[in-house]
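Participant: Supplied structure: target.txt, compact mmCIF, C-alpha atoms.
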# COMPACT_ATOMS: atom_id res chain seq x y z
CA MET A 1 107.78 -174.32 -40.20
CA ALA A 2 105.75 -177.13 -38.61
CA ARG A 3 102.07 -177.24 -39.40
CA GLU A 4 99.78 -176.37 -36.53
CA THR A 5 97.65 -179.20 -35.16
CA LEU A 6 94.19 -179.66 -33.74
CA VAL A 7 94.03 -182.52 -31.25
CA VAL A 8 90.59 -183.89 -30.44
CA ASN A 9 90.21 -186.20 -27.47
CA ALA A 10 86.98 -187.94 -28.51
CA ILE A 11 85.29 -189.04 -25.29
CA GLY A 12 82.23 -191.09 -24.38
CA GLY A 13 80.56 -193.87 -26.31
CA LEU A 14 80.59 -194.73 -30.00
CA CYS A 15 78.26 -192.05 -31.36
CA ASN A 16 79.63 -189.33 -29.11
CA ARG A 17 83.08 -190.07 -30.50
CA MET A 18 81.91 -190.20 -34.09
CA ARG A 19 80.31 -186.77 -33.97
CA SER A 20 83.27 -185.32 -32.04
CA ILE A 21 85.69 -186.62 -34.68
CA ALA A 22 83.52 -185.36 -37.54
CA THR A 23 83.50 -181.93 -35.91
CA GLY A 24 87.26 -182.15 -35.53
CA VAL A 25 87.63 -182.83 -39.26
CA HIS A 26 85.53 -179.75 -40.01
CA LEU A 27 87.40 -177.52 -37.55
CA ALA A 28 90.78 -178.70 -38.84
CA GLN A 29 89.71 -177.86 -42.39
CA VAL A 30 88.47 -174.34 -41.58
CA SER A 31 91.61 -173.57 -39.54
CA GLY A 32 94.19 -175.21 -41.84
CA ARG A 33 95.44 -177.57 -39.13
CA ARG A 34 96.30 -181.25 -39.19
CA LEU A 35 93.90 -183.30 -37.07
CA LYS A 36 95.05 -185.77 -34.45
CA VAL A 37 92.43 -187.86 -32.62
CA VAL A 38 93.02 -189.27 -29.15
CA TRP A 39 91.16 -192.59 -28.98
CA HIS A 40 91.23 -194.19 -25.52
CA ASN A 41 90.15 -197.83 -25.41
CA ASN A 42 88.37 -197.89 -22.04
CA SER A 43 85.18 -198.86 -20.21
CA ASP A 44 83.19 -196.35 -22.28
CA LEU A 45 84.26 -198.04 -25.51
CA ALA A 46 86.36 -201.21 -25.43
CA ALA A 47 87.55 -201.18 -29.04
CA ASP A 48 90.12 -199.42 -31.18
CA TYR A 49 89.11 -197.14 -34.04
CA SER A 50 90.39 -199.72 -36.54
CA ASP A 51 88.21 -202.45 -35.00
CA LEU A 52 85.09 -200.51 -35.95
CA PHE A 53 85.96 -198.44 -39.01
CA GLN A 54 87.59 -199.32 -42.31
CA THR A 55 89.33 -196.09 -43.22
CA ILE A 56 91.07 -193.12 -41.61
CA PRO A 57 90.88 -189.78 -43.45
CA ASP A 58 94.17 -188.85 -45.13
CA ASP A 59 94.61 -185.71 -43.04
CA MET A 60 94.01 -187.39 -39.69
CA ASP A 61 96.17 -189.36 -37.26
CA ILE A 62 95.01 -191.61 -34.40
CA ILE A 63 96.72 -191.57 -31.00
CA TYR A 64 96.15 -194.66 -28.80
CA PRO A 65 97.30 -193.75 -25.27
CA GLY A 66 97.59 -196.22 -22.42
CA ASN A 67 95.75 -195.54 -19.18
CA VAL A 68 98.65 -193.77 -17.48
CA GLU A 69 99.45 -191.55 -20.47
CA TYR A 70 95.78 -190.75 -20.90
CA GLY A 71 95.40 -189.64 -17.29
CA LEU A 72 98.56 -187.56 -17.33
CA LYS A 73 98.07 -185.87 -20.70
CA TRP A 74 94.67 -186.10 -22.30
CA ASP A 75 91.96 -186.47 -19.68
CA ILE A 76 89.94 -183.51 -18.41
CA PRO A 77 91.79 -182.18 -15.33
CA ARG A 78 89.94 -183.51 -12.29
CA MET A 79 90.44 -184.94 -8.83
CA ARG A 80 90.95 -188.51 -10.03
CA ASN A 81 94.09 -187.48 -11.96
CA LEU A 82 95.05 -184.89 -9.33
CA TYR A 83 94.66 -182.25 -12.06
CA VAL A 84 98.09 -183.27 -13.42
CA SER A 85 96.84 -183.25 -17.02
CA ARG A 86 96.28 -179.48 -16.70
CA LEU A 87 100.04 -178.96 -16.41
CA TYR A 88 100.75 -180.84 -19.64
CA GLN A 89 97.87 -179.25 -21.52
CA ARG A 90 98.84 -175.70 -20.52
CA ALA A 91 102.45 -176.29 -21.51
CA ARG A 92 101.68 -178.07 -24.79
CA PHE A 93 98.72 -176.15 -26.24
CA ALA A 94 97.93 -172.55 -27.02
CA ALA A 95 94.27 -173.17 -26.17
CA VAL A 96 92.27 -175.97 -24.55
CA PHE A 97 88.49 -176.44 -24.78
CA SER A 98 86.47 -179.17 -23.08
CA ASP A 99 82.89 -180.05 -22.19
CA ALA A 100 83.82 -178.93 -18.68
CA SER A 101 85.53 -175.68 -19.64
CA GLY A 102 85.24 -173.27 -22.55
CA LEU A 103 82.84 -175.14 -24.85
CA ALA A 104 79.57 -174.40 -23.08
CA GLU A 105 79.33 -170.84 -24.40
CA TYR A 106 79.39 -172.19 -27.97
CA PHE A 107 76.80 -174.99 -27.58
CA ASP A 108 74.36 -173.04 -29.78
CA ASP A 109 76.93 -171.19 -31.85
CA ASP A 110 78.77 -173.52 -34.23
CA LYS A 111 79.92 -170.68 -36.47
CA GLY A 112 81.22 -168.70 -33.53
CA PHE A 113 83.33 -171.64 -32.40
CA CYS A 114 84.64 -172.22 -35.93
CA ASP A 115 85.66 -168.57 -36.08
CA VAL A 116 87.46 -168.81 -32.74
CA ILE A 117 89.42 -171.92 -33.80
CA ALA A 118 90.32 -170.37 -37.16
CA SER A 119 91.51 -167.14 -35.55
CA LYS A 120 93.83 -168.69 -32.96
CA ARG A 121 97.49 -169.42 -33.55
CA GLY A 122 99.28 -172.46 -32.21
CA ASP A 123 98.16 -175.99 -31.43
CA ILE A 124 94.69 -176.53 -29.94
CA LEU A 125 93.21 -179.33 -27.82
CA ILE A 126 89.49 -180.13 -27.67
CA ILE A 127 88.18 -182.72 -25.17
CA SER A 128 84.59 -183.52 -26.05
CA GLY A 129 81.94 -185.99 -27.07
CA LEU A 130 79.79 -183.25 -28.58
CA ALA A 131 79.48 -181.68 -32.02
CA VAL A 132 80.34 -178.09 -31.09
CA GLY A 133 81.44 -176.51 -34.35
CA GLY A 134 79.24 -178.63 -36.58
CA PHE A 135 79.99 -180.88 -39.55
CA ASP A 136 78.62 -181.71 -42.98
CA ASP A 137 76.16 -184.62 -42.94
CA GLU A 138 77.33 -186.07 -46.27
CA MET A 139 80.94 -185.95 -45.11
CA PHE A 140 79.91 -187.78 -41.93
CA ARG A 141 78.35 -190.60 -43.95
CA ARG A 142 81.40 -190.88 -46.22
CA MET A 143 84.06 -190.92 -43.54
CA PHE A 144 82.65 -193.62 -41.24
CA ILE A 145 82.78 -196.92 -43.15
CA PRO A 146 82.31 -200.11 -41.08
CA SER A 147 85.28 -202.45 -40.78
CA ALA A 148 85.10 -205.76 -42.62
CA ARG A 149 84.20 -207.65 -39.42
CA VAL A 150 81.47 -205.16 -38.52
CA GLN A 151 80.13 -205.23 -42.10
CA ALA A 152 79.80 -209.01 -41.93
CA LEU A 153 77.65 -208.62 -38.82
CA ILE A 154 75.54 -205.94 -40.53
CA ASP A 155 74.91 -208.26 -43.47
CA GLN A 156 73.72 -210.99 -41.08
CA LYS A 157 71.40 -208.66 -39.19
CA THR A 158 69.80 -207.15 -42.30
CA ALA A 159 69.25 -210.38 -44.24
CA GLY A 160 65.59 -210.46 -43.20
CA PHE A 161 64.82 -206.83 -44.02
CA ASN A 162 62.16 -205.88 -46.55
CA SER A 163 61.11 -202.57 -48.08
CA ASP A 164 58.86 -201.87 -45.05
CA THR A 165 61.33 -202.67 -42.26
CA VAL A 166 61.18 -200.05 -39.50
CA GLY A 167 64.06 -199.53 -37.11
CA VAL A 168 63.39 -199.36 -33.37
CA HIS A 169 65.99 -198.13 -30.92
CA ILE A 170 65.17 -198.37 -27.22
CA ARG A 171 67.87 -196.89 -24.99
CA ARG A 172 68.03 -198.12 -21.42
CA THR A 173 70.70 -199.00 -18.78
CA ASP A 174 72.31 -195.74 -17.56
CA ASN A 175 70.35 -193.22 -19.67
CA ARG A 176 67.77 -192.04 -17.16
CA GLU A 177 66.20 -189.47 -19.46
CA SER A 178 65.59 -192.07 -22.19
CA ILE A 179 64.05 -194.45 -19.67
CA ARG A 180 61.80 -191.76 -18.22
CA GLN A 181 60.76 -189.98 -21.42
CA SER A 182 60.63 -192.97 -23.82
CA PRO A 183 58.96 -195.80 -21.86
CA LEU A 184 58.52 -199.20 -23.50
CA GLU A 185 54.74 -198.89 -23.79
CA LEU A 186 55.14 -196.04 -26.29
CA PHE A 187 57.07 -198.35 -28.61
CA VAL A 188 54.59 -201.21 -28.15
CA THR A 189 51.68 -198.93 -29.06
CA GLU A 190 53.47 -197.43 -32.07
CA MET A 191 54.52 -200.84 -33.39
CA ALA A 192 50.98 -202.23 -33.00
CA ASP A 193 49.59 -199.23 -34.87
CA ARG A 194 52.06 -199.77 -37.73
CA ILE A 195 50.95 -203.40 -38.05
CA LYS A 196 47.29 -202.38 -38.28
CA VAL A 197 47.93 -200.27 -41.37
CA ASN A 198 50.64 -202.38 -43.04
CA ASP A 199 50.62 -206.16 -42.83
CA ASN A 200 54.06 -206.30 -44.50
CA VAL A 201 55.84 -204.28 -41.82
CA ASN A 202 58.53 -205.80 -39.66
CA PHE A 203 60.88 -204.26 -37.12
CA PHE A 204 64.60 -204.32 -36.45
CA VAL A 205 64.92 -203.71 -32.71
CA ALA A 206 68.18 -202.56 -31.15
CA SER A 207 68.52 -202.05 -27.41
CA ASP A 208 71.12 -202.19 -24.67
CA ASP A 209 68.59 -204.10 -22.53
CA ALA A 210 68.18 -207.80 -23.34
CA GLU A 211 64.82 -207.95 -21.53
CA VAL A 212 63.40 -205.34 -23.93
CA LEU A 213 64.45 -207.44 -26.93
CA HIS A 214 62.92 -210.57 -25.46
CA GLU A 215 59.66 -208.85 -24.49
CA LEU A 216 59.10 -207.33 -27.94
CA SER A 217 60.04 -210.58 -29.64
CA ASP A 218 57.52 -212.47 -27.50
CA ARG A 219 54.83 -209.86 -28.18
CA PHE A 220 55.26 -209.41 -31.94
CA GLY A 221 56.81 -212.73 -32.92
CA ARG A 222 58.12 -213.09 -36.47
CA ARG A 223 57.75 -209.37 -37.13
CA VAL A 224 60.68 -208.60 -34.83
CA ILE A 225 64.30 -208.99 -35.91
CA CYS A 226 66.39 -208.54 -32.80
CA GLY A 227 69.74 -206.87 -32.57
CA ASP A 228 72.33 -208.56 -30.40
CA ASP A 229 71.31 -209.10 -26.78
CA LYS A 230 74.89 -208.82 -25.54
CA VAL A 231 75.67 -205.33 -26.81
CA SER A 232 78.19 -203.86 -24.40
CA ARG A 233 80.65 -200.99 -24.24
CA ARG A 234 82.99 -203.11 -22.13
CA SER A 235 84.07 -205.81 -24.58
CA LEU A 236 85.34 -205.82 -28.16
CA GLU A 237 82.64 -208.23 -29.30
CA GLY A 238 79.95 -206.19 -27.57
CA MET A 239 81.18 -202.99 -29.23
CA MET A 240 81.31 -204.58 -32.68
CA GLN A 241 77.76 -205.85 -32.22
CA GLY A 242 76.71 -202.36 -31.10
CA ALA A 243 78.29 -200.78 -34.18
CA ALA A 244 76.62 -203.35 -36.43
CA ASP A 245 73.23 -202.63 -34.82
CA LEU A 246 73.80 -198.93 -35.50
CA TRP A 247 74.30 -199.48 -39.24
CA ALA A 248 71.47 -202.02 -39.37
CA LEU A 249 69.13 -199.34 -37.97
CA ALA A 250 70.45 -196.99 -40.64
CA LYS A 251 69.36 -199.45 -43.34
CA THR A 252 65.70 -199.41 -42.31
CA ARG A 253 63.10 -197.09 -43.90
CA GLU A 254 62.44 -195.10 -40.70
CA ILE A 255 63.56 -195.15 -37.08
CA LEU A 256 61.41 -195.05 -33.96
CA GLY A 257 63.93 -193.71 -31.48
CA SER A 258 64.57 -192.83 -27.87
CA TYR A 259 64.67 -189.43 -26.25
CA TYR A 260 68.11 -187.94 -25.52
CA SER A 261 70.07 -190.63 -27.34
CA SER A 262 72.99 -189.87 -29.65
CA TYR A 263 72.74 -193.47 -30.92
CA THR A 264 69.20 -192.86 -32.17
CA ASP A 265 70.21 -189.61 -33.84
CA THR A 266 73.35 -191.04 -35.42
CA ALA A 267 71.56 -194.05 -36.92
CA ALA A 268 69.08 -191.74 -38.66
CA LEU A 269 71.92 -189.50 -39.84
CA LEU A 270 73.93 -192.41 -41.26
CA GLY A 271 70.91 -193.73 -43.17
CA ASN A 272 69.59 -190.29 -44.11
CA ILE A 273 66.16 -191.57 -43.11
CA PRO A 274 63.20 -190.19 -41.12
CA LEU A 275 63.37 -190.31 -37.32
CA LYS A 276 60.41 -190.31 -34.95
CA VAL A 277 61.47 -189.93 -31.33
CA LEU A 278 58.87 -191.50 -29.08
CA THR A 279 58.54 -189.36 -25.99
CA ALA A 280 56.06 -188.70 -23.23
CA ILE A 281 56.80 -184.98 -23.75
CA GLN A 282 54.36 -183.52 -26.25
What would the structure in this file look like if it were written as structure tokens?
Facilitator:
Amino acid sequence: MARETLVVNAIGGLCNRMRSIATGVHLAQVSGRRLKVVWHNNSDLAADYSDLFQTIPDDMDIIYPGNVEYGLKWDIPRMRNLYVSRLYQRARFAAVFSDASGLAEYFDDDKGFCDVIASKRGDILIISGLAVGGFDDEMFRRMFIPSARVQALIDQKTAGFNSDTVGVHIRRTDNRESIRQSPLELFVTEMADRIKVNDNVNFFVASDDAEVLHELSDRFGRRVICGDDKVSRRSLEGMMQGAADLWALAKTREILGSYYSSYTDTAALLGNIPLKVLTAIQ
């Protein structure tokens, strides 16, 4: 008798996919299923899993669909694919959960969702960039190991770190909540305050906005080590630089992060280090 499977279509950017996959590993373990991960190289993340990570867990397979296959089989049913994927998903799976349907009721109930997955029979599909179902933090850190090319970039970026290096992540571009709730002046003030009390402090600054990197570098000079100013979801090089910046942040002693950013949260999780989210909301 064939083993039942859990298929996770990990959607969104890098950190959304990482936490979705980690949750998939956990859900597959509690339900006794084999995990298959759908990884679509697209405008949200223009890199394959193997470009960014060194290892694949033994009990996990990666599916790399082309654009047509992805739209017909794995995408959330919607107008742009004429809802065709719903036909495949209903015929292929005993249950389908997505951010758009079925998952919302479990957003604050990881155990409840684990129980549902464990109790169902047949193959299951989850389409998500969220961590509904939860995962073990130590497992997360063990399973995501940077690829050799990404590790080389990390080594370059962290060469100037000292024991007092503080990570700074400033999320911009399309994240309106981060822009509104974590304005640049909050980071400038916090960094200036850190310098007043510790002359040895320096900062590794990662941002998806090149102007932010340049402004902080001009303001704080040698104390700022900049991440790459061409980080981009839309190119392989940009994604590798973004992954390297993530792990470089994780190697600092503390992170000053942005509101509503999975990248901020994931960097702190990977490094198991303190996180201070700078926000106008008090």
Participant: Rank nothing, just name the residue among A:Arg90, A:Arg223, A:Arg78, A:Lys73 nearest to A:Asn162, using all atoms listed in the file.
Facilitator: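 Of A:Arg90, A:Arg223, A:Arg78, A:Lys73, the one nearest A:Asn162 is A:Arg223, counting all atoms listed in the file.
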Participant: Compare A:Ile273, A:Ile195, A:Leu278, A:Ile117 by their minimum atom-to-atom distance to A:Arg171, counting all atoms listed in the file, and give me the closest one.
Facilitator: A:Leu278
Participant: Can you pull out every residue within 9 Å of stretch 197-211 of chain A, counting only C-alpha atoms, but drop anything in the same chain fewer than 6 positions away, and send it as a PyMOL selection string?
Facilitator: chain A and resi 157-158+161-173+191+217+222-232+242+245-246+248-249+252
Participant: Got a sec: who's within 9 Å of A:Ala100, counting only C-alpha atoms, leaving out chain neighbours fewer than 4 positions off, as a list in words?
Facilitator: Ile76, Ala104, Ile127 and Ser128 of chain A
Participant: Could you dump the residues just selected with C-alpha atoms as a compact mmCIF listing (two decimals), in the frame of the given file?
Facilitator:
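Written file, out.txt:
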# COMPACT_ATOMS: atom_id res chain seq x y z
CA ILE A 76 89.94 -183.51 -18.41
CA ALA A 104 79.57 -174.40 -23.08
CA ILE A 127 88.18 -182.72 -25.17
CA SER A 128 84.59 -183.52 -26.05
Participant: Using only C-alpha atoms, find the one residue out of A:Glu4, A:Asp59, A:Glu254, A:Glu237 that sits nearest to A:Gly271.
Facilitator: A:Glu254
Participant: Show me, as a ChimeraX atom specification, the residues that have an atom within 9 Å of A:Leu87 when counting all atoms listed in the file, minus same-chain residues fewer than 5 positions from it.
Facilitator: /A:72-73,77,92
Participant: Any idea what the distance is between atom CA of A:Ser261 and atom CA of A:Glu177?
Facilitator: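 Atom-to-atom, atom CA of A:Ser261 to atom CA of A:Glu177, that is 8.9 Å.
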Participant: When you count only C-alpha atoms, which of these residues is closest to A:Glu138: A:Ala10, A:Leu270, A:Met239, A:Ala280?
Facilitator: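 Result for the nearest residue to A:Glu138: A:Leu270.
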Participant: Would you tabulate, counting only C-alpha atoms, all residues of stretch 168-282 of chain A that have an atom at most 9 Å from an atom of stretch 142-146 of chain A, showing the closest pair of atoms and their distance in Å to one decimal, sorted by chain then ascending number, as a tab-separated table?
Facilitator:
residue	atom	partner	partner_atom	distance
A:Ala243	CA	A:Pro146	CA	8.0
A:Ala244	CA	A:Pro146	CA	8.0
A:Trp247	CA	A:Pro146	CA	8.2
A:Leu270	CA	A:Phe144	CA	8.8
Participant: Kindly extract all protein, DNA and RNA residues lying within 10 Å of the coordinates (92.8, -179.4, -34.5) given in the file, considering only C-alpha atoms, and supply them as a list in words.
Facilitator: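 Applying the cut-off with only C-alpha atoms, one gets Glu4, Thr5, Leu6, Val7, Val8, Thr23, Gly24, Val25, His26, Leu27, Ala28, Gln29, Val30, Ser31, Gly32, Arg33, Arg34, Leu35, Lys36, Val37, Met60, Ile117, Ala118, Gly122, Asp123, Ile124, Leu125 and Ile126 of chain A.
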Participant: Using atom CA of A:Val84 and atom CA of A:Asp174 as the two end points, give the distance in Å to one decimal.
Facilitator: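 Straight-line distance from atom CA of A:Val84 to atom CA of A:Asp174 works out to 28.9 Å.
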Participant: What is the atom CA of A:Asn9-atom CA of A:Val150 distance in Å, reported with one decimal?
Facilitator: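 If I compute the distance from atom CA of A:Asn9 to atom CA of A:Val150, I get 23.6 Å.
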